[in-house]
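Enquirer: Take a look at this one; I'll ask things after.
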Amino acid sequence: MPFPSGGQARMVVVTRSRRPEEREPAPVDPVARICVDVPLAHLDRPFDYLVPTTMDDAVVAGSRVRVRFAGQLVDGVVLERIAESEYPGTLEWINRATSAEPVLAPEIARLARAVADRWAGALSDVLRLAIPPRHARVEAQAPAGEPAKAPPPPDPGPPGGGWARYPAGPAFCRAVADGRAARAVWQALPGEDWPARLAEAAQAALSAGRGAVVVVPDRRDLARVDAALTAALGAGRHVALAADLGPAERYRRWLAVRRGAVRAVVGTRAAAFAPVADPGLLAVWDDGDDLHAEPRAPYPHTRDLLVLRAHLAGAAVLLGGFARTAEAQLLVDSGWAREIVAPREQVRAAAPRVAAVGDDAQIARDPAAVAARLPSLAFETARAALAAGAPVLVQVPRRGYLPALACATCRAPARCGACSGPLAATSGHAIPACRWCGRLAGDWRCPSCDGRRFRAVVVGDARTAEELGRAFPGVTLRTSGGAHVLAAVPAEPALVVATPGAEPVAEGGYGAALLLDGWAMLTRPDLRAAEETLRRWYAAAALVRPASAGGRVVVGADGGLAAVQALIRWDPVTHAARELAERAELGFPPATRMASLTGAPDALADLQAAARLPGSAELLGPVPVETAAAGTARPDAAPAGGTDGGADGGADGGADGSLERLLVRVPRAEGAALAEALHEAAAVRSARKAAGPVRIQLDPLELI
DNA sequence: TCAATCCGTATC
DNA sequence: ATACGGATTGAC
């Protein structure tokens, strides 16, 4: 696949080389150093080409070209023009100047190289992530949107006024407004209008005469920040970048940024590369959301990418969310970032009251009592909120994540003997469990036919909504998830069933939230299960009114678990510290730097043999991995948010399909050496056309 | 001793 | 993919 390049190249200043005898090198800097679009690791370096006089104007640093490389025409980007080449051989002429637009800004060129180095990838791979496909017609038009001299912001007001509830908030905004490279990790208060806070921070950067980049996980968050930026800055002062805009609109907005017509950007994942001139603020919302992990090589992560970019560009960084990741905690612990958190009394005043149901110990002691309590507590909580005229949020895992069960003989839905909740099989347990109370159903017996065996039934939010509808006759039922995501619901009684990440905002806040199947999410065999579950709980619970206004949350999980305690006490910081300590003890990122190598067994062994790993490197595995096709269902909302809709592009192992995964672990200080060694080994293999791809991922999200 | 051919390697 | 250089082989 070539660099993103438009189809209609004929429309613009396309300069083709004339017949060979007529070509003459440009009088000044006749040599162009070019990054060619070939993904091979051993070709990850610039190649020099001669610039004919006819292309002198169009071939500039950052412009797109086509060149003959190893006998075929490939796309490339000009890195620089120089006086002479050090290449001893004869230089080839540039075949065609695709366009004179300098799409690769110098800052982004440096960033892309650093990203390639950090994640053991090739520059050409990173450029494919950083530069959107060309659209010739759009490029030929004048800069989109308003001219740079747009009307001034409507409300100049005190910068960062909404940050006053956080002791360190105003100081951070002042620093950004002064153009200083402040760095902060921010835990938003429950119910916080966080898009407005981000917009204020962006406004501070603009007031310093610098640019701002805000990256959010998905389209829904993008729409909210987009609106907040319009409110704070006025129309035409920013753009929203998303992959699903369509090629023309996407390129139009991106070009407006590159040409300096706008200096503030909000977008999903790929927007972290937005070529904002002189960025003063780089912000990411909810860095724990796995949509921030780029699924295409070299698999960079938004948070780490922006941290890297901030270093290179001297920009401020803001990592915000209701939850805090172990990675953010490390940035705080190491002193790299300051924390922006509200005082306890502010948190208590803003948070809803949280109750946990699903205490295993109590169930063992007195199953009937607990079983009777769960539905009644959840139902009573919901009923009270509805009676008070408020909507109730019900968070359920995505369809297919929790396959429900039915009787194998009569196909009646299998229900919990204690509380009549639906039974489900989970990946963690051999014995099915109740989705409501978590009680294990080892002694299950079908009430209608006395059968003892189960069959799987696909069930998800739709079924849950149906069941709730029966339990609350006459109450409006709304669902949000999958392809149909609601942005907001009105302040009126309704049951709102949503998958994680698709929870609509409620006008005036929800009266209550029921977080179902929490115990199942928590017991997933995943290193990040607790952090991820808590993150989803916070996201839902933050939409509920404060306890003082009657806001209630019921979570279906054991109240003794650390994550549940963190929700009840609304204490994301303590939980992140604990999480980081655990990772340190286990030797997992971010306490260490880790690389995951996935491929066919012989390819893996081959790469391992070629790699001159740091002496400190520790090998874990290899262990067999499931093939992508048979992969486990992701318990993920993923509502049309992804940036690039990317094909996987990764290693799809040998023909026999059996893949192995090897983990390589080094101390954090050796991370760069590890990445370099792996990239070098990949170069050795690609140079000798070694068969079988190996996917190299640094600090992969999924461990174990 | 030279030329045709094969193989590995670089790709500007 | 294709082109090149060096090694290899086979005939004189």
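If you're wondering about the labels, chains in the structure tokens are A, B, ... by order shown, residues count from 1 in each chain, ligands from 1 in order shown.
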Within 8 Å of Ala512 of chain A, counting only C-alpha atoms (C1' of nucleotides), which residues show up once you throw out same-chain ones fewer than 5 positions away? Write them as a list in words, please.
Expert: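 After dropping sequence-adjacent residues, the list is Thr381, Ala382, Ala385, Ala390, Pro391, Val392, Leu393, Val544, Arg545, Gly551, Arg552, Val553 and Val554 of chain A.
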Enquirer: Could you list, as a PyMOL selection string, every residue of chain C that has an atom within 10 Å of an atom of chain A, counting only C-alpha atoms (C1' of nucleotides)?
Expert: chain C and resi 1-3
Enquirer: Just write the chosen residues, C-alpha atoms (C1' of nucleotides), as a compact mmCIF listing (two decimals), in the first residue's frame.
Expert:
```txt
# COMPACT_ATOMS: atom_id res chain seq x y z
C1' DA C 1 10.74 -6.47 -8.85
C1' DT C 2 15.60 -5.73 -11.18
C1' DA C 3 20.20 -4.85 -11.60
```
Enquirer: Give one line per residue of chain B that approaches chain A to at most 12 Å, naming the two atoms of the closest pair and their distance in Å to one decimal, counting only C-alpha atoms (C1' of nucleotides); sort by chain then ascending residue number and deliver it as CSV.
Expert:
```
residue,atom,partner,partner_atom,distance
B:DG8,C1',A:Arg688,CA,8.8
B:DT9,C1',A:Ala687,CA,8.1
B:DA10,C1',A:Ala70,CA,8.6
B:DT11,C1',A:Ala70,CA,4.6
B:DC12,C1',A:Asp48,CA,4.5
```
Enquirer: Ala540 of chain A: which residues within 8 Å, counting only C-alpha atoms (C1' of nucleotides), same-chain residues fewer than 6 positions away excluded, as number ranges by chain?
Expert: A: 393, 395, 500, 503, 513
Enquirer: Take the residues just selected and output them with C-alpha atoms as an mmCIF file, in the first residue's frame.
Expert:
```cif
data_model
loop_
_atom_site.group_PDB
_atom_site.id
_atom_site.type_symbol
_atom_site.label_atom_id
_atom_site.label_comp_id
_atom_site.auth_asym_id
_atom_site.auth_seq_id
_atom_site.Cartn_x
_atom_site.Cartn_y
_atom_site.Cartn_z
ATOM 1 C CA LEU A 393 -28.327 4.466 33.494
ATOM 2 C CA GLN A 395 -24.268 -0.227 32.090
ATOM 3 C CA PRO A 500 -19.265 0.837 28.222
ATOM 4 C CA GLU A 503 -23.224 6.045 27.920
ATOM 5 C CA ALA A 513 -26.758 4.004 37.641
#
```
Enquirer: What's around DC12 of chain C at 12 Å? Count only C-alpha atoms (C1' of nucleotides), leave out sequence neighbours fewer than 5 positions away in its own chain, and write the answer as a PyMOL selection string.
Expert: chain B and resi 1-3
Enquirer: How would the residues just chosen look if you wrote them out with C-alpha atoms (C1' of nucleotides) as a PDB file, in the first residue's frame?
Expert:
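Result file follows (selection32.pdb):
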```pdb
ATOM      1  C1'  DT B   1      42.317 -18.193 -19.105  1.00  0.00           C
ATOM      2  C1'  DC B   2      37.986 -16.558 -20.284  1.00  0.00           C
ATOM      3  C1'  DA B   3      33.090 -16.335 -20.696  1.00  0.00           C
TER       4       DA B   3
END
```
Enquirer: Would you return as an NGL selection string the members of segment 278-396 of chain A that DSSP assigns to strand (DSSP E) on this structure's backbone?
Expert: :A and (279-285 or 316-321 or 338-340 or 353-357 or 391-395)
Enquirer: Keeping only C-alpha atoms, write those residues as a tab-separated table (two decimals), in the first residue's frame.
Expert:
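Final output, saved to part-v4.tsv:
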```
chain	number	residue	atom	x	y	z
A	279	PRO	CA	2.00	23.45	19.76
A	280	GLY	CA	1.80	24.86	23.26
A	281	LEU	CA	-0.59	22.27	24.66
A	282	LEU	CA	-0.94	18.57	23.95
A	283	ALA	CA	-3.87	17.00	25.75
A	284	VAL	CA	-5.36	13.53	25.87
A	285	TRP	CA	-8.65	12.60	27.47
A	316	ALA	CA	2.68	21.47	27.83
A	317	VAL	CA	0.92	18.16	28.43
A	318	LEU	CA	-2.44	17.45	30.01
A	319	LEU	CA	-3.52	13.86	30.70
A	320	GLY	CA	-7.11	13.94	31.87
A	321	GLY	CA	-9.73	11.44	32.87
A	338	ARG	CA	2.16	17.42	38.53
A	339	GLU	CA	-1.26	16.22	39.52
A	340	ILE	CA	-4.42	18.22	39.25
A	353	ARG	CA	-23.36	7.31	46.65
A	354	VAL	CA	-22.10	3.90	45.59
A	355	ALA	CA	-23.28	0.56	46.93
A	356	ALA	CA	-21.79	-2.79	46.00
A	357	VAL	CA	-23.74	-6.01	45.83
A	391	PRO	CA	-33.28	8.86	34.05
A	392	VAL	CA	-31.45	5.74	35.20
A	393	LEU	CA	-28.33	4.47	33.49
A	394	VAL	CA	-27.77	0.73	33.17
A	395	GLN	CA	-24.27	-0.23	32.09
```
Enquirer: Report, in Å with one decimal, the straight-line distance from atom CA of Gly169 of chain A to atom CA of Ala323 of chain A.
Expert: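 Computed distance, atom CA of Gly169 of chain A to atom CA of Ala323 of chain A, equals 17.2 Å.
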Enquirer: What is the distance between atom CA of Cys416 of chain A and atom CA of Thr533 of chain A, in Å to one decimal?
Expert: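 Taking atom CA of Cys416 of chain A and atom CA of Thr533 of chain A, their separation equals 23.7 Å.
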Enquirer: Quick check, in Å to one decimal: how far apart do atom CA of Glu531 of chain A and atom CA of Ile696 of chain A lie?
Expert: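 One can read the atom CA of Glu531 of chain A to atom CA of Ile696 of chain A distance as 24.6 Å.
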Enquirer: May I have the residues within 12 Å of Val115 of chain A as an MDAnalysis selection string, using only C-alpha atoms (C1' of nucleotides) and disregarding those fewer than 3 positions away in the same chain?
Expert: chainID A and resid 108:112 118:127 129:130 272:273 297:302 304:309 312 672 675:676 698
Enquirer: Those residues with N, CA and C atoms, as a short mmCIF file (atom, residue, chain, number, x, y, z; two decimals), in the first residue's frame please?
Expert:
```
data_model
loop_
_atom_site.label_atom_id
_atom_site.label_comp_id
_atom_site.auth_asym_id
_atom_site.auth_seq_id
_atom_site.Cartn_x
_atom_site.Cartn_y
_atom_site.Cartn_z
N ILE A 108 6.92 17.50 12.60
CA ILE A 108 6.33 16.17 12.49
C ILE A 108 7.35 15.17 11.94
N ALA A 109 8.24 15.64 11.10
CA ALA A 109 9.30 14.76 10.60
C ALA A 109 10.17 14.27 11.76
N ARG A 110 10.53 15.20 12.63
CA ARG A 110 11.33 14.79 13.80
C ARG A 110 10.53 13.86 14.71
N LEU A 111 9.26 14.22 14.91
CA LEU A 111 8.41 13.38 15.75
C LEU A 111 8.28 11.98 15.17
N ALA A 112 8.04 11.91 13.87
CA ALA A 112 7.83 10.60 13.24
C ALA A 112 9.07 9.72 13.38
N ARG A 118 11.15 4.84 18.95
CA ARG A 118 10.60 4.43 20.25
C ARG A 118 9.85 3.11 20.14
N TRP A 119 9.14 2.90 19.00
CA TRP A 119 8.31 1.70 18.86
C TRP A 119 8.91 0.68 17.89
N ALA A 120 10.18 0.80 17.63
CA ALA A 120 10.89 -0.20 16.80
C ALA A 120 10.27 -0.35 15.42
N GLY A 121 9.86 0.76 14.82
CA GLY A 121 9.23 0.68 13.51
C GLY A 121 10.00 1.47 12.46
N ALA A 122 9.44 1.49 11.26
CA ALA A 122 10.06 2.22 10.16
C ALA A 122 9.40 3.60 10.01
N LEU A 123 10.20 4.57 9.59
CA LEU A 123 9.67 5.92 9.40
C LEU A 123 8.49 5.92 8.43
N SER A 124 8.60 5.13 7.37
CA SER A 124 7.52 5.14 6.37
C SER A 124 6.20 4.68 6.98
N ASP A 125 6.27 3.73 7.91
CA ASP A 125 5.04 3.30 8.59
C ASP A 125 4.43 4.43 9.39
N VAL A 126 5.28 5.18 10.07
CA VAL A 126 4.77 6.27 10.90
C VAL A 126 4.20 7.38 10.03
N LEU A 127 4.86 7.66 8.91
CA LEU A 127 4.36 8.72 8.03
C LEU A 127 2.97 8.37 7.49
N LEU A 129 0.76 6.94 9.17
CA LEU A 129 -0.19 7.29 10.23
C LEU A 129 -0.34 8.81 10.35
N ALA A 130 0.74 9.52 10.04
CA ALA A 130 0.77 10.96 10.34
C ALA A 130 0.21 11.82 9.21
N ALA A 272 -3.06 13.06 17.05
CA ALA A 272 -1.85 13.31 17.85
C ALA A 272 -0.71 13.78 16.96
N PHE A 273 -0.81 13.47 15.66
CA PHE A 273 0.20 13.90 14.69
C PHE A 273 -0.19 15.22 14.01
N ALA A 297 1.04 -0.81 12.60
CA ALA A 297 2.46 -0.71 12.93
C ALA A 297 2.91 0.73 12.83
N PRO A 298 3.76 1.19 13.74
CA PRO A 298 4.39 0.41 14.82
C PRO A 298 3.64 0.45 16.14
N TYR A 299 2.33 0.62 16.11
CA TYR A 299 1.47 0.51 17.29
C TYR A 299 1.77 1.52 18.38
N PRO A 300 1.92 2.79 18.05
CA PRO A 300 2.15 3.78 19.09
C PRO A 300 0.88 4.05 19.90
N HIS A 301 1.05 4.55 21.09
CA HIS A 301 -0.08 4.89 21.95
C HIS A 301 -0.17 6.41 22.09
N THR A 302 -1.39 6.93 22.00
CA THR A 302 -1.59 8.38 22.04
C THR A 302 -0.87 9.04 23.20
N ASP A 304 1.71 8.11 25.12
CA ASP A 304 3.17 8.10 25.06
C ASP A 304 3.67 8.93 23.88
N LEU A 305 2.89 8.93 22.81
CA LEU A 305 3.25 9.71 21.65
C LEU A 305 3.23 11.21 21.98
N LEU A 306 2.19 11.64 22.69
CA LEU A 306 2.09 13.06 23.03
C LEU A 306 3.17 13.46 24.04
N VAL A 307 3.50 12.55 24.93
CA VAL A 307 4.59 12.83 25.88
C VAL A 307 5.89 13.03 25.10
N LEU A 308 6.09 12.17 24.14
CA LEU A 308 7.29 12.29 23.30
C LEU A 308 7.28 13.59 22.50
N ARG A 309 6.13 13.90 21.93
CA ARG A 309 6.02 15.12 21.13
C ARG A 309 6.24 16.36 21.99
N LEU A 312 9.87 17.02 22.40
CA LEU A 312 10.52 17.54 21.20
C LEU A 312 10.09 18.96 20.90
N ALA A 672 15.04 2.19 24.89
CA ALA A 672 15.50 2.62 23.58
C ALA A 672 16.43 1.58 22.96
N ALA A 675 14.34 -1.34 21.68
CA ALA A 675 13.66 -1.02 20.42
C ALA A 675 14.66 -1.03 19.26
N GLU A 676 15.82 -0.48 19.50
CA GLU A 676 16.83 -0.42 18.44
C GLU A 676 17.28 -1.83 18.05
N LEU A 698 5.86 -2.66 21.20
CA LEU A 698 6.43 -2.23 22.47
C LEU A 698 5.35 -1.81 23.43
#
```
Enquirer: I need the residues of segment 134-237 of chain A that end up classed as helix (DSSP H, G or I) by DSSP on the backbone, written out as a PyMOL selection string.
Expert: chain A and resi 136-140+161-165+169-177+194-207+219-233
